[in-house]
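Colleague: Got entry.txt for you, compact mmCIF, C-alpha atoms and all ligand atoms:
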# COMPACT_ATOMS: atom_id res chain seq x y z
CA MET A 520 140.77 135.88 109.93
CA GLN A 521 141.02 134.14 106.59
CA PRO A 522 142.38 137.21 104.76
CA PHE A 523 145.08 137.55 107.39
CA MET A 524 146.45 134.16 106.36
CA ASP A 525 145.68 134.10 102.67
CA ARG A 526 146.96 137.35 101.28
CA VAL A 527 149.38 140.16 101.86
CA LEU A 528 147.76 142.83 103.96
CA THR A 529 148.35 146.53 103.83
CA ASP A 530 150.13 147.96 106.87
CA ALA A 531 146.87 149.38 108.16
CA GLU A 532 145.04 146.09 107.73
CA ARG A 533 147.78 144.14 109.42
CA GLN A 534 147.89 146.56 112.35
CA GLU A 535 144.15 146.28 112.71
CA ALA A 536 144.28 142.49 112.66
CA GLU A 537 147.17 142.33 115.12
CA ALA A 538 145.45 144.79 117.46
CA HIS A 539 142.35 142.66 117.40
CA LEU A 540 144.32 139.48 118.05
CA ASN A 541 145.98 141.17 121.02
CA GLU A 542 142.63 142.12 122.50
CA CYS A 543 140.52 139.12 121.63
CA SER A 544 141.56 135.76 123.02
CA TYR A 545 138.81 134.07 121.02
CA CYS A 546 140.24 135.11 117.66
CA ARG A 547 143.78 134.60 118.87
CA LYS A 548 143.00 130.96 119.60
CA ARG A 549 141.33 130.56 116.25
CA TYR A 550 144.31 132.15 114.51
CA ARG A 551 146.77 129.84 116.24
CA PHE A 552 144.56 126.86 115.54
CA GLU A 553 144.45 127.68 111.87
CA ALA A 554 148.20 128.24 111.65
CA ASN A 555 148.79 124.84 113.26
CA LEU A 556 146.18 123.27 111.05
CA ARG A 557 147.76 124.59 107.88
CA GLN A 558 151.11 123.24 108.91
CA PHE A 559 149.51 119.89 109.59
CA VAL A 560 147.77 119.91 106.21
CA ARG A 561 151.02 120.72 104.41
CA GLN A 562 152.73 117.82 106.13
CA SER A 563 150.03 115.36 105.17
CA VAL A 564 149.02 116.37 101.67
CA VAL A 565 149.02 112.76 100.44
CA GLU A 566 146.38 111.75 102.96
CA PRO A 567 142.73 112.69 102.47
CA MET A 568 141.44 115.30 104.87
CA PRO A 569 139.17 113.88 107.57
CA VAL A 570 135.57 115.12 107.60
CA GLU A 571 136.07 116.45 111.11
CA LEU A 572 138.97 118.60 109.94
CA LYS A 573 136.95 119.94 107.02
CA GLN A 574 134.21 120.97 109.43
CA LYS A 575 136.69 122.81 111.62
CA LEU A 576 138.06 124.62 108.59
CA ALA A 577 134.55 125.64 107.61
CA GLU A 578 133.91 126.94 111.12
CA LEU A 579 136.94 129.20 110.78
CA ARG A 580 135.42 130.95 107.77
CA THR A 581 133.35 133.27 109.89
CA PRO A 582 133.70 137.02 110.38
CA LEU A 583 135.80 138.45 113.15
CA HIS A 584 134.51 137.69 116.62
ZN ZN B 601 137.71 138.56 117.98
Output the file's structure in the form of structure tokens.
Modeller:
Amino acid sequence: MQPFMDRVLTDAERQEAEAHLNECSYCRKRYRFEANLRQFVRQSVVEPMPVELKQKLAELRTPLH
């Protein structure tokens, strides 16, 4: 779901992604997790990112479920 967050999607791409999120609770959870995570990271830019958080970010960089 990285592209969904990182760039502007075409209408078709966005519809596809939203349809998948509606149908797949696994990806929906990951999407919400990443959205929360990014907010958290923005709020704490001065603090170094914990290793555990880096690992979770790396786990998110996988293809759609
Ligand atoms: Zn999925």
Colleague: Mind pulling up the distance from CA of Tyr545 in chain A to CA of Lys573 in chain A?
Modeller: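 Atom-to-atom, CA of Lys573 in chain A to CA of Tyr545 in chain A, that is 20.0 Å.
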Colleague: Set the cut-off to 8 Å, count all atoms listed in the file, and list whatever residues fall near ligand ZN 601 (chain B) as an MDAnalysis selection string.
Modeller: chainID A and resid 539:540 542:547 583:584
Colleague: Any idea what the distance is between CA of Ala577 in chain A and CA of Gln558 in chain A?
Modeller: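 Between CA of Ala577 in chain A and CA of Gln558 in chain A the gap is 16.8 Å.
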Colleague: CA of Asn555 in chain A to CA of Ala531 in chain A: how many Å, to one decimal?
Modeller: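 Between CA of Asn555 in chain A and CA of Ala531 in chain A the gap is 25.1 Å.
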Colleague: Using N, CA, C and O atoms, give me range 532-568 of chain A from the structure I just pasted, as a compact mmCIF listing (two decimals), in the first residue's frame.
Modeller:
# COMPACT_ATOMS: atom_id res chain seq x y z
N GLU A 532 -6.68 3.80 -10.15
CA GLU A 532 -5.81 3.21 -9.13
C GLU A 532 -6.40 3.39 -7.74
O GLU A 532 -6.36 2.50 -6.90
N ARG A 533 -6.93 4.58 -7.51
CA ARG A 533 -7.49 4.85 -6.18
C ARG A 533 -8.73 3.98 -5.93
O ARG A 533 -8.91 3.45 -4.84
N GLN A 534 -9.55 3.85 -6.95
CA GLN A 534 -10.74 2.99 -6.81
C GLN A 534 -10.34 1.56 -6.52
O GLN A 534 -10.94 0.88 -5.69
N GLU A 535 -9.31 1.11 -7.21
CA GLU A 535 -8.84 -0.26 -7.00
C GLU A 535 -8.34 -0.44 -5.57
O GLU A 535 -8.66 -1.41 -4.89
N ALA A 536 -7.56 0.52 -5.12
CA ALA A 536 -7.01 0.44 -3.77
C ALA A 536 -8.12 0.51 -2.73
O ALA A 536 -8.13 -0.25 -1.76
N GLU A 537 -9.08 1.40 -2.92
CA GLU A 537 -10.17 1.53 -1.95
C GLU A 537 -11.04 0.28 -1.94
O GLU A 537 -11.49 -0.17 -0.89
N ALA A 538 -11.27 -0.30 -3.13
CA ALA A 538 -12.06 -1.53 -3.20
C ALA A 538 -11.35 -2.64 -2.44
O ALA A 538 -11.98 -3.41 -1.71
N HIS A 539 -10.05 -2.70 -2.61
CA HIS A 539 -9.30 -3.74 -1.91
C HIS A 539 -9.35 -3.52 -0.40
O HIS A 539 -9.54 -4.46 0.37
N LEU A 540 -9.20 -2.28 0.02
CA LEU A 540 -9.25 -1.99 1.46
C LEU A 540 -10.61 -2.34 2.04
O LEU A 540 -10.71 -2.80 3.18
N ASN A 541 -11.66 -2.14 1.24
CA ASN A 541 -13.00 -2.48 1.72
C ASN A 541 -13.16 -3.98 1.91
O ASN A 541 -13.89 -4.43 2.79
N GLU A 542 -12.48 -4.75 1.07
CA GLU A 542 -12.68 -6.20 1.08
C GLU A 542 -11.68 -6.92 1.96
O GLU A 542 -11.92 -8.05 2.37
N CYS A 543 -10.57 -6.30 2.23
CA CYS A 543 -9.48 -7.02 2.88
C CYS A 543 -9.15 -6.36 4.22
O CYS A 543 -8.52 -5.30 4.26
N SER A 544 -9.57 -7.00 5.30
CA SER A 544 -9.33 -6.41 6.61
C SER A 544 -7.84 -6.37 6.94
O SER A 544 -7.39 -5.51 7.68
N TYR A 545 -7.10 -7.32 6.37
CA TYR A 545 -5.66 -7.35 6.63
C TYR A 545 -4.99 -6.08 6.13
O TYR A 545 -4.27 -5.40 6.88
N CYS A 546 -5.24 -5.71 4.89
CA CYS A 546 -4.63 -4.51 4.34
C CYS A 546 -5.22 -3.25 4.96
O CYS A 546 -4.54 -2.24 5.09
N ARG A 547 -6.49 -3.32 5.32
CA ARG A 547 -7.12 -2.16 5.95
C ARG A 547 -6.42 -1.84 7.26
O ARG A 547 -6.14 -0.69 7.57
N LYS A 548 -6.12 -2.87 8.04
CA LYS A 548 -5.41 -2.66 9.29
C LYS A 548 -4.02 -2.10 9.05
O LYS A 548 -3.57 -1.21 9.76
N ARG A 549 -3.35 -2.66 8.04
CA ARG A 549 -2.01 -2.16 7.73
C ARG A 549 -2.08 -0.70 7.31
O ARG A 549 -1.22 0.11 7.66
N TYR A 550 -3.08 -0.37 6.50
CA TYR A 550 -3.21 1.01 6.02
C TYR A 550 -3.42 1.96 7.19
O TYR A 550 -2.78 3.00 7.26
N ARG A 551 -4.31 1.60 8.08
CA ARG A 551 -4.57 2.45 9.24
C ARG A 551 -3.34 2.55 10.12
O ARG A 551 -3.03 3.62 10.66
N PHE A 552 -2.65 1.43 10.28
CA PHE A 552 -1.44 1.44 11.09
C PHE A 552 -0.42 2.41 10.51
O PHE A 552 0.17 3.22 11.23
N GLU A 553 -0.26 2.34 9.19
CA GLU A 553 0.74 3.21 8.58
C GLU A 553 0.33 4.68 8.67
O GLU A 553 1.16 5.55 8.92
N ALA A 554 -0.93 4.98 8.50
CA ALA A 554 -1.40 6.36 8.61
C ALA A 554 -1.14 6.89 10.01
O ALA A 554 -0.66 8.02 10.18
N ASN A 555 -1.43 6.07 11.03
CA ASN A 555 -1.15 6.48 12.40
C ASN A 555 0.33 6.64 12.64
O ASN A 555 0.78 7.57 13.31
N LEU A 556 1.09 5.73 12.06
CA LEU A 556 2.53 5.75 12.25
C LEU A 556 3.13 7.02 11.65
O LEU A 556 3.98 7.67 12.26
N ARG A 557 2.66 7.38 10.47
CA ARG A 557 3.21 8.57 9.83
C ARG A 557 2.90 9.83 10.63
O ARG A 557 3.71 10.74 10.71
N GLN A 558 1.71 9.85 11.21
CA GLN A 558 1.37 10.99 12.05
C GLN A 558 2.30 11.04 13.25
O GLN A 558 2.80 12.10 13.63
N PHE A 559 2.53 9.88 13.83
CA PHE A 559 3.41 9.79 14.98
C PHE A 559 4.81 10.26 14.61
O PHE A 559 5.45 11.02 15.35
N VAL A 560 5.30 9.82 13.45
CA VAL A 560 6.65 10.18 13.03
C VAL A 560 6.76 11.69 12.81
O VAL A 560 7.75 12.31 13.17
N ARG A 561 5.73 12.28 12.21
CA ARG A 561 5.74 13.73 11.99
C ARG A 561 5.81 14.49 13.31
O ARG A 561 6.43 15.53 13.40
N GLN A 562 5.13 13.94 14.32
CA GLN A 562 5.07 14.64 15.60
C GLN A 562 6.37 14.51 16.38
O GLN A 562 6.61 15.25 17.32
N SER A 563 7.19 13.55 16.01
CA SER A 563 8.39 13.30 16.80
C SER A 563 9.63 13.27 15.92
O SER A 563 10.49 12.40 16.07
N VAL A 564 9.73 14.22 15.01
CA VAL A 564 10.84 14.21 14.06
C VAL A 564 12.18 14.43 14.74
O VAL A 564 13.21 14.02 14.22
N VAL A 565 12.19 15.11 15.90
CA VAL A 565 13.46 15.41 16.55
C VAL A 565 14.03 14.18 17.25
O VAL A 565 15.23 14.13 17.52
N GLU A 566 13.16 13.19 17.52
CA GLU A 566 13.64 12.00 18.21
C GLU A 566 14.02 10.92 17.21
O GLU A 566 13.34 10.74 16.21
N PRO A 567 15.10 10.20 17.48
CA PRO A 567 15.48 9.11 16.57
C PRO A 567 14.43 8.01 16.58
O PRO A 567 13.79 7.75 17.60
N MET A 568 14.26 7.39 15.42
CA MET A 568 13.24 6.35 15.29
C MET A 568 13.72 5.05 15.93
O MET A 568 14.82 4.59 15.63
